[in-house]
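File shown: protein12.pdb. Contents: PDB, C-alpha atoms (C1' of nucleotides).
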ATOM      1  CA  MET A   1      95.075 -24.945 -37.818
ATOM      2  CA  PRO A   2      97.302 -24.344 -34.835
ATOM      3  CA  ARG A   3      96.320 -22.440 -31.799
ATOM      4  CA  ALA A   4      95.823 -18.701 -32.275
ATOM      5  CA  ALA A   5      98.882 -16.537 -31.802
ATOM      6  CA  THR A   6      99.577 -15.188 -28.347
ATOM      7  CA  THR A   7      99.621 -11.802 -29.982
ATOM      8  CA  SER A   8      96.160 -12.199 -31.445
ATOM      9  CA  ASP A   9      94.359 -10.881 -28.380
ATOM     10  CA  ALA A  10      94.569 -10.345 -24.645
ATOM     11  CA  PHE A  11      92.912 -13.700 -23.900
ATOM     12  CA  ASN A  12      95.735 -15.563 -25.568
ATOM     13  CA  ALA A  13      98.446 -13.344 -24.159
ATOM     14  CA  VAL A  14      97.166 -13.811 -20.637
ATOM     15  CA  ALA A  15      96.966 -17.588 -20.922
ATOM     16  CA  GLU A  16     100.663 -17.782 -20.078
ATOM     17  CA  PRO A  17     101.257 -17.747 -16.296
ATOM     18  CA  ARG A  18     104.497 -15.800 -16.453
ATOM     19  CA  ARG A  19     102.851 -13.087 -18.427
ATOM     20  CA  ARG A  20     100.193 -12.812 -15.761
ATOM     21  CA  GLN A  21     102.920 -12.541 -13.154
ATOM     22  CA  ILE A  22     104.559  -9.781 -15.124
ATOM     23  CA  LEU A  23     101.293  -7.897 -15.432
ATOM     24  CA  GLU A  24     100.739  -8.134 -11.702
ATOM     25  CA  PHE A  25     104.277  -6.978 -11.081
ATOM     26  CA  LEU A  26     103.964  -3.962 -13.332
ATOM     27  CA  VAL A  27     100.539  -2.743 -12.387
ATOM     28  CA  THR A  28     101.461  -0.654  -9.369
ATOM     29  CA  GLN A  29     104.570   0.885 -10.819
ATOM     30  CA  GLU A  30     106.625   1.096 -13.984
ATOM     31  CA  ARG A  31     109.837  -0.882 -13.847
ATOM     32  CA  PRO A  32     112.878  -1.651 -15.993
ATOM     33  CA  VAL A  33     113.354  -5.123 -17.438
ATOM     34  CA  SER A  34     116.155  -5.905 -15.032
ATOM     35  CA  GLU A  35     113.801  -5.511 -12.093
ATOM     36  CA  ILE A  36     111.342  -7.933 -13.598
ATOM     37  CA  VAL A  37     114.158 -10.396 -14.135
ATOM     38  CA  ALA A  38     115.304 -10.038 -10.545
ATOM     39  CA  GLY A  39     111.842  -9.830  -9.041
ATOM     40  CA  LEU A  40     110.354 -12.836 -10.768
ATOM     41  CA  GLY A  41     113.497 -14.909 -11.188
ATOM     42  CA  LEU A  42     113.202 -15.342 -14.941
ATOM     43  CA  GLU A  43     115.824 -15.256 -17.671
ATOM     44  CA  GLN A  44     116.293 -11.866 -19.269
ATOM     45  CA  PRO A  45     115.609 -12.976 -22.862
ATOM     46  CA  SER A  46     112.488 -14.736 -21.666
ATOM     47  CA  VAL A  47     111.223 -11.566 -20.023
ATOM     48  CA  SER A  48     111.952  -9.524 -23.131
ATOM     49  CA  LYS A  49     109.986 -11.973 -25.240
ATOM     50  CA  HIS A  50     107.031 -11.957 -22.903
ATOM     51  CA  LEU A  51     107.080  -8.189 -22.804
ATOM     52  CA  ARG A  52     107.000  -8.099 -26.561
ATOM     53  CA  VAL A  53     103.884 -10.230 -26.613
ATOM     54  CA  LEU A  54     102.276  -8.085 -23.953
ATOM     55  CA  ARG A  55     103.157  -4.938 -25.825
ATOM     56  CA  ASN A  56     101.756  -6.259 -29.081
ATOM     57  CA  VAL A  57      98.332  -6.716 -27.546
ATOM     58  CA  GLY A  58      98.525  -3.454 -25.637
ATOM     59  CA  LEU A  59      98.769  -4.989 -22.181
ATOM     60  CA  VAL A  60     101.873  -2.999 -21.305
ATOM     61  CA  ARG A  61     103.311   0.366 -22.199
ATOM     62  CA  VAL A  62     106.977   1.236 -22.577
ATOM     63  CA  ARG A  63     108.926   4.371 -22.015
ATOM     64  CA  ARG A  64     112.604   4.826 -22.467
ATOM     65  CA  ASN A  65     114.623   6.332 -19.668
ATOM     66  CA  GLY A  66     118.312   6.476 -20.406
ATOM     67  CA  ARG A  67     119.503   2.967 -20.986
ATOM     68  CA  HIS A  68     116.524   1.579 -19.191
ATOM     69  CA  LYS A  69     113.151   0.854 -20.624
ATOM     70  CA  LEU A  70     110.347   1.274 -18.178
ATOM     71  CA  TYR A  71     107.391  -1.028 -18.592
ATOM     72  CA  GLN A  72     104.027  -0.662 -16.996
ATOM     73  CA  THR A  73     100.789  -2.568 -17.184
ATOM     74  CA  ASN A  74      98.045  -0.949 -19.201
ATOM     75  CA  PRO A  75      94.987  -2.017 -17.218
ATOM     76  CA  GLU A  76      92.499  -0.829 -19.829
ATOM     77  CA  THR A  77      93.318  -3.825 -21.998
ATOM     78  CA  ILE A  78      92.397  -6.203 -19.207
ATOM     79  CA  ARG A  79      89.003  -4.643 -18.915
ATOM     80  CA  PRO A  80      87.386  -6.594 -21.777
ATOM     81  CA  LEU A  81      88.441  -9.838 -20.139
ATOM     82  CA  HIS A  82      86.863  -8.649 -16.949
ATOM     83  CA  GLU A  83      83.670  -7.768 -18.750
ATOM     84  CA  TRP A  84      83.528 -11.151 -20.423
ATOM     85  CA  THR A  85      83.929 -13.091 -17.208
ATOM     86  CA  LYS A  86      81.432 -10.778 -15.605
ATOM     87  CA  THR A  87      78.679 -11.982 -17.899
ATOM     88  CA  PHE A  88      78.829 -15.259 -15.996
ATOM     89  CA  GLU A  89      78.769 -13.639 -12.608
ATOM     90  CA  ARG A  90      75.051 -13.882 -12.004
ATOM     91  CA  PHE A  91      75.185 -17.601 -12.628
ATOM     92  CA  TRP A  92      77.457 -18.342  -9.736
ATOM     93  CA  ALA A  93      76.615 -15.665  -7.234
ATOM     94  CA  HIS A  94      73.179 -15.153  -5.797
ATOM     95  CA  GLN A  95      69.876 -16.880  -5.799
ATOM     96  CA  LEU A  96      68.436 -14.236  -8.026
ATOM     97  CA  GLY A  97      70.805 -15.397 -10.664
ATOM     98  CA  ARG A  98      69.586 -18.939 -10.465
ATOM     99  CA  ILE A  99      65.995 -17.890 -10.519
ATOM    100  CA  LYS A 100      66.634 -15.817 -13.577
ATOM    101  CA  GLU A 101      68.544 -18.668 -15.080
ATOM    102  CA  ARG A 102      65.635 -21.022 -14.648
ATOM    103  CA  ALA A 103      63.207 -18.489 -16.032
ATOM    104  CA  GLU A 104      65.355 -18.089 -19.113
ATOM    105  CA  ALA A 105      65.715 -21.798 -19.515
ATOM    106  CA  LYS A 106      61.946 -22.102 -19.661
ATOM    107  CA  ASN A 107      61.834 -19.242 -22.035
ATOM    108  CA  GLY A 108      64.380 -20.817 -24.337
ATOM    109  CA  THR A 109      66.728 -17.858 -24.144
TER     110      THR A 109
ATOM    111  CA  MET B   1     108.968 -25.556 -24.106
ATOM    112  CA  PRO B   2     105.757 -25.214 -26.112
ATOM    113  CA  ARG B   3     102.748 -23.340 -24.951
ATOM    114  CA  ALA B   4     100.913 -24.854 -22.020
ATOM    115  CA  ALA B   5      98.159 -27.301 -22.835
ATOM    116  CA  THR B   6      94.660 -25.939 -23.271
ATOM    117  CA  THR B   7      93.661 -28.449 -20.648
ATOM    118  CA  SER B   8      96.120 -27.091 -18.119
ATOM    119  CA  ASP B   9      93.783 -24.438 -16.743
ATOM    120  CA  ALA B  10      90.765 -22.274 -17.470
ATOM    121  CA  PHE B  11      92.915 -19.405 -18.744
ATOM    122  CA  ASN B  12      94.270 -21.538 -21.546
ATOM    123  CA  ALA B  13      90.958 -23.189 -22.314
ATOM    124  CA  VAL B  14      89.225 -19.843 -22.632
ATOM    125  CA  ALA B  15      91.851 -18.394 -24.955
ATOM    126  CA  GLU B  16      90.088 -20.064 -27.885
ATOM    127  CA  PRO B  17      87.202 -17.918 -29.218
ATOM    128  CA  ARG B  18      84.966 -20.844 -30.128
ATOM    129  CA  ARG B  19      85.231 -22.220 -26.664
ATOM    130  CA  ARG B  20      84.141 -18.885 -25.293
ATOM    131  CA  GLN B  21      81.184 -18.968 -27.668
ATOM    132  CA  ILE B  22      80.277 -22.408 -26.464
ATOM    133  CA  LEU B  23      80.461 -21.326 -22.843
ATOM    134  CA  GLU B  24      78.177 -18.391 -23.560
ATOM    135  CA  PHE B  25      75.786 -20.653 -25.402
ATOM    136  CA  LEU B  26      75.599 -23.179 -22.592
ATOM    137  CA  VAL B  27      75.377 -20.878 -19.625
ATOM    138  CA  THR B  28      71.637 -20.307 -19.620
ATOM    139  CA  GLN B  29      70.625 -23.844 -20.390
ATOM    140  CA  GLU B  30      72.004 -27.322 -20.886
ATOM    141  CA  ARG B  31      72.017 -28.447 -24.489
ATOM    142  CA  PRO B  32      72.940 -31.480 -26.582
ATOM    143  CA  VAL B  33      75.946 -31.354 -28.882
ATOM    144  CA  SER B  34      73.776 -31.186 -31.961
ATOM    145  CA  GLU B  35      72.272 -27.914 -30.803
ATOM    146  CA  ILE B  36      75.697 -26.400 -30.328
ATOM    147  CA  VAL B  37      76.627 -27.532 -33.805
ATOM    148  CA  ALA B  38      73.487 -26.002 -35.264
ATOM    149  CA  GLY B  39      73.508 -22.932 -33.077
ATOM    150  CA  LEU B  40      77.105 -21.920 -33.638
ATOM    151  CA  GLY B  41      77.594 -23.344 -37.104
ATOM    152  CA  LEU B  42      80.600 -25.490 -36.253
ATOM    153  CA  GLU B  43      81.558 -28.986 -37.337
ATOM    154  CA  GLN B  44      80.407 -31.695 -35.000
ATOM    155  CA  PRO B  45      83.858 -33.220 -34.364
ATOM    156  CA  SER B  46      85.194 -29.776 -33.661
ATOM    157  CA  VAL B  47      82.509 -29.170 -31.077
ATOM    158  CA  SER B  48      83.168 -32.514 -29.429
ATOM    159  CA  LYS B  49      86.847 -31.697 -29.178
ATOM    160  CA  HIS B  50      86.230 -28.289 -27.681
ATOM    161  CA  LEU B  51      83.783 -29.772 -25.215
ATOM    162  CA  ARG B  52      86.398 -32.267 -24.153
ATOM    163  CA  VAL B  53      88.841 -29.490 -23.403
ATOM    164  CA  LEU B  54      86.201 -27.552 -21.515
ATOM    165  CA  ARG B  55      85.239 -30.628 -19.543
ATOM    166  CA  ASN B  56      88.834 -31.378 -18.632
ATOM    167  CA  VAL B  57      89.232 -28.021 -16.943
ATOM    168  CA  GLY B  58      85.798 -28.161 -15.370
ATOM    169  CA  LEU B  59      84.243 -25.398 -17.429
ATOM    170  CA  VAL B  60      81.309 -27.568 -18.489
ATOM    171  CA  ARG B  61      79.326 -30.429 -17.006
ATOM    172  CA  VAL B  62      77.803 -33.325 -18.887
ATOM    173  CA  ARG B  63      74.762 -35.450 -18.297
ATOM    174  CA  ARG B  64      73.522 -38.234 -20.444
ATOM    175  CA  ASN B  65      69.921 -38.235 -21.538
ATOM    176  CA  GLY B  66      69.084 -41.098 -23.824
ATOM    177  CA  ARG B  67      71.254 -40.850 -26.848
ATOM    178  CA  HIS B  68      71.896 -37.207 -26.164
ATOM    179  CA  LYS B  69      74.528 -35.750 -23.950
ATOM    180  CA  LEU B  70      73.519 -32.522 -22.313
ATOM    181  CA  TYR B  71      76.279 -30.027 -21.687
ATOM    182  CA  GLN B  72      76.108 -26.988 -19.495
ATOM    183  CA  THR B  73      78.543 -24.309 -18.467
ATOM    184  CA  ASN B  74      79.887 -24.578 -14.958
ATOM    185  CA  PRO B  75      80.228 -20.890 -14.079
ATOM    186  CA  GLU B  76      82.173 -21.535 -10.876
ATOM    187  CA  THR B  77      85.265 -22.317 -12.899
ATOM    188  CA  ILE B  78      85.131 -18.924 -14.585
ATOM    189  CA  ARG B  79      85.125 -17.212 -11.237
ATOM    190  CA  PRO B  80      88.912 -17.345 -10.691
ATOM    191  CA  LEU B  81      89.418 -15.603 -14.016
ATOM    192  CA  HIS B  82      86.994 -12.951 -12.938
ATOM    193  CA  GLU B  83      88.813 -12.498  -9.652
ATOM    194  CA  TRP B  84      92.147 -12.201 -11.381
ATOM    195  CA  THR B  85      90.993  -9.532 -13.805
ATOM    196  CA  LYS B  86      89.284  -7.783 -10.930
ATOM    197  CA  THR B  87      92.595  -7.120  -9.214
ATOM    198  CA  PHE B  88      93.292  -4.633 -11.993
ATOM    199  CA  GLU B  89      89.959  -2.931 -11.734
ATOM    200  CA  ARG B  90      91.024  -0.077  -9.508
ATOM    201  CA  PHE B  91      93.821   0.795 -11.891
ATOM    202  CA  TRP B  92      91.616   1.525 -14.855
ATOM    203  CA  ALA B  93      88.842   3.278 -13.041
ATOM    204  CA  HIS B  94      89.957   6.554 -11.506
ATOM    205  CA  GLN B  95      92.744   9.058 -11.168
ATOM    206  CA  LEU B  96      95.646   6.880 -12.189
ATOM    207  CA  GLY B  97      94.343   6.924 -15.714
ATOM    208  CA  ARG B  98      94.418  10.687 -15.914
ATOM    209  CA  ILE B  99      97.866  10.897 -14.410
ATOM    210  CA  LYS B 100      99.143   8.427 -16.936
ATOM    211  CA  GLU B 101      97.495  10.261 -19.777
ATOM    212  CA  ARG B 102      99.212  13.474 -18.845
ATOM    213  CA  ALA B 103     102.573  11.795 -18.489
ATOM    214  CA  GLU B 104     102.219  10.225 -21.904
ATOM    215  CA  ALA B 105     101.120  13.469 -23.486
ATOM    216  CA  LYS B 106     104.320  15.051 -22.305
ATOM    217  CA  ASN B 107     106.298  12.079 -23.453
ATOM    218  CA  GLY B 108     104.761  12.022 -26.900
ATOM    219  CA  THR B 109     103.743   8.378 -26.611
TER     220      THR B 109
ATOM    221  C1'  DT C   1      69.824 -58.249 -34.779
ATOM    222  C1'  DT C   2      69.591 -54.404 -37.774
ATOM    223  C1'  DG C   3      69.265 -49.718 -38.738
ATOM    224  C1'  DA C   4      69.315 -44.900 -37.582
ATOM    225  C1'  DC C   5      70.734 -41.263 -34.877
ATOM    226  C1'  DA C   6      74.178 -38.863 -31.572
ATOM    227  C1'  DT C   7      78.640 -38.165 -30.052
ATOM    228  C1'  DA C   8      83.578 -39.227 -29.617
ATOM    229  C1'  DT C   9      88.012 -40.490 -31.346
ATOM    230  C1'  DT C  10      91.842 -41.156 -34.596
ATOM    231  C1'  DC C  11      95.062 -39.686 -38.041
ATOM    232  C1'  DC C  12      97.004 -36.066 -40.593
ATOM    233  C1'  DT C  13      99.169 -31.478 -41.264
ATOM    234  C1'  DA C  14     100.665 -26.687 -40.856
ATOM    235  C1'  DT C  15     101.811 -23.621 -37.478
ATOM    236  C1'  DA C  16     102.882 -21.261 -33.151
ATOM    237  C1'  DT C  17     104.943 -21.626 -29.401
ATOM    238  C1'  DG C  18     108.573 -20.942 -24.951
ATOM    239  C1'  DG C  19     112.961 -22.082 -23.176
ATOM    240  C1'  DG C  20     118.122 -22.015 -23.715
ATOM    241  C1'  DC C  21     121.925 -20.066 -25.664
ATOM    242  C1'  DA C  22     124.484 -16.913 -28.337
ATOM    243  C1'  DT C  23     124.504 -12.649 -30.309
ATOM    244  C1'  DA C  24     122.929  -8.101 -31.852
ATOM    245  C1'  DT C  25     121.347  -3.381 -30.895
ATOM    246  C1'  DA C  26     121.128   0.709 -27.905
ATOM    247  C1'  DA C  27     122.656   4.099 -24.611
ATOM    248  C1'  DT C  28     126.121   5.737 -21.247
ATOM    249  C1'  DT C  29     130.595   6.612 -19.465
ATOM    250  C1'  DC C  30     135.443   6.864 -19.786
TER     251       DC C  30
ATOM    252  C1'  DG D   1     136.484   5.121 -30.013
ATOM    253  C1'  DA D   2     136.351   1.445 -26.353
ATOM    254  C1'  DA D   3     134.350  -0.665 -22.570
ATOM    255  C1'  DT D   4     130.080  -1.332 -19.987
ATOM    256  C1'  DT D   5     125.429  -1.821 -19.030
ATOM    257  C1'  DA D   6     120.529  -2.786 -20.583
ATOM    258  C1'  DT D   7     117.527  -4.838 -23.583
ATOM    259  C1'  DA D   8     116.152  -7.226 -27.814
ATOM    260  C1'  DT D   9     116.552 -10.657 -31.352
ATOM    261  C1'  DG D  10     117.854 -14.986 -33.801
ATOM    262  C1'  DC D  11     118.222 -19.823 -34.011
ATOM    263  C1'  DC D  12     117.134 -24.548 -32.632
ATOM    264  C1'  DC D  13     114.004 -27.944 -30.691
ATOM    265  C1'  DA D  14     110.211 -30.443 -28.505
ATOM    266  C1'  DT D  15     105.520 -30.048 -28.070
ATOM    267  C1'  DA D  16     100.682 -28.742 -28.424
ATOM    268  C1'  DT D  17      97.565 -27.413 -31.075
ATOM    269  C1'  DA D  18      92.779 -26.829 -34.304
ATOM    270  C1'  DG D  19      90.688 -28.112 -38.401
ATOM    271  C1'  DG D  20      89.251 -31.770 -41.832
ATOM    272  C1'  DA D  21      87.992 -36.283 -43.092
ATOM    273  C1'  DA D  22      87.079 -40.773 -41.901
ATOM    274  C1'  DT D  23      85.800 -43.845 -38.558
ATOM    275  C1'  DA D  24      84.591 -45.705 -33.994
ATOM    276  C1'  DT D  25      81.557 -45.945 -30.070
ATOM    277  C1'  DG D  26      77.101 -45.557 -27.878
ATOM    278  C1'  DT D  27      72.089 -45.594 -27.519
ATOM    279  C1'  DC D  28      67.578 -46.367 -28.836
ATOM    280  C1'  DA D  29      63.716 -48.348 -31.773
ATOM    281  C1'  DA D  30      61.528 -51.771 -34.500
TER     282       DA D  30
END

Take the structure in the file and give it back as C-alpha cells.
Amino acid sequence: MPRAATTSDAFNAVAEPRRRQILEFLVTQERPVSEIVAGLGLEQPSVSKHLRVLRNVGLVRVRRNGRHKLYQTNPETIRPLHEWTKTFERFWAHQLGRIKERAEAKNGT
Amino acid sequence: MPRAATTSDAFNAVAEPRRRQILEFLVTQERPVSEIVAGLGLEQPSVSKHLRVLRNVGLVRVRRNGRHKLYQTNPETIRPLHEWTKTFERFWAHQLGRIKERAEAKNGT
DNA sequence: TTGACATATTCCTATATGGGCATATAATTC
DNA sequence: GAATTATATGCCCATATAGGAATATGTCAA
C-alpha cells in the first residue's frame, strides 16, 4: 500500500512544506492565486494544485471575484491537528507533567 | 518530484495514522515492540518499520533491555508541530469566525 | 553450541505523488 | 467574436511509499 493520499486528511495535506507556507500566507487575508504565486515565488500550476489539495480537505475556502478567485485559510480545519499535538503537551512542559507521567507508568496506564 | 520522505521531518512522519497511534501508545511509558504489536494489533515488521521512521525524525527513543528494545515517545519533537498549529489559534477562536460566517451566508457558500 | 525468543531488514508490488510543460476553461474588455 | 487575463487541468516521469511474506540479525538460556 502506498502512502495515504494528501487529500485523505489535514495531517497529510499539511505534510507538504509549500502547503504550509500557503496556509500561513492566506490566514490573515484572502488573496487571489496570482498573489500567492508572486508572494511565495512558486509556479502558477503548482499553486493551483496545492490549493486543490487544501480545498479538498477543507483547509482553504474559495470565493470568486470577477476573474479572480480569492482563497483564504480555514483555520477550523487546523484545530484537530492542534488538539492532537496538545495531548503531548504535558509531557514536555512542566514538572507536573513528568510527575503525572511517572504515576501513570506505575499504574500501567 | 515525489512527495517528501516520511523521514524528512516530523510533519511527514506524523501524517501516517498508525504512527500517530504508536506515538500515543508510547507517550506514557516505554514499551517493547511486542507490546505495540499486541496493543495495536499490527504486524511486527510493520511496527518495526514505523518505529524506524519515528526514530529517524527523533519522535521516539530506544533503549535496549536484554532481548527487548524499549521504545518511548520523545514529546519534544512534537512541540514544533504544536507551535505551528498554534499560530492559527487566534483565527479560529473569536470574532473573525463570525465575520466570515456572515460573509459566506451572503455569498451563498 | 543449540534452541527459542525478539526485533530488524529485504524484496516485491500497487499507488500516490509533485514538478515541468503545454493546454484547457473561465471571465472581462474591446 | 477576438484578444487578454486568471486559474485549472492533463500528461509524463522519477521517486517514495506501506503492506505482506520471508528471512536475517541479535540476545539470552541451558

Q: For Leu42 (chain A), list every protein, DNA or RNA residue within 12 Å, evaluated using all atoms listed in the file, and leave out those in the same chain fewer than 4 positions away; present the list as JSON, numbers by chain.
A: {"A": [18, 19, 21, 22, 33, 34, 35, 36, 37, 38, 46, 47, 48, 49, 50], "C": [19]}

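Between CA of Pro2 (chain A) and C1' of DT15 (chain C) the interatomic distance comes to 5.3 Å.
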
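For the structure shown here, the set of residues caught by the PyMOL selection byres ((chain B) within 7 of (chain D)) is Met1, Pro2, Arg3, Ala5, Gly66 and Arg67 of chain B.
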
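Coordinates place CA of Val27 (chain B) at a distance of 7.5 Å from CA of Phe88 (chain A).
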
Q. What residues in chain A lie within 7 Å of chain B, counting all atoms listed in the file, written as a PyMOL selection string?
A. chain A and resi 11-12+15+75-76+78+81-82+85-86+88+91-92+101+104-105

Size and centre in Å, one decimal, axis-aligned box, all listed region 18-29 of chain C atoms plus 5 Å per side, as AutoDock Vina command-line options:
--center_x 119.6 --center_y -7.7 --center_z -25.7 --size_x 32.0 --size_y 38.7 --size_z 22.4
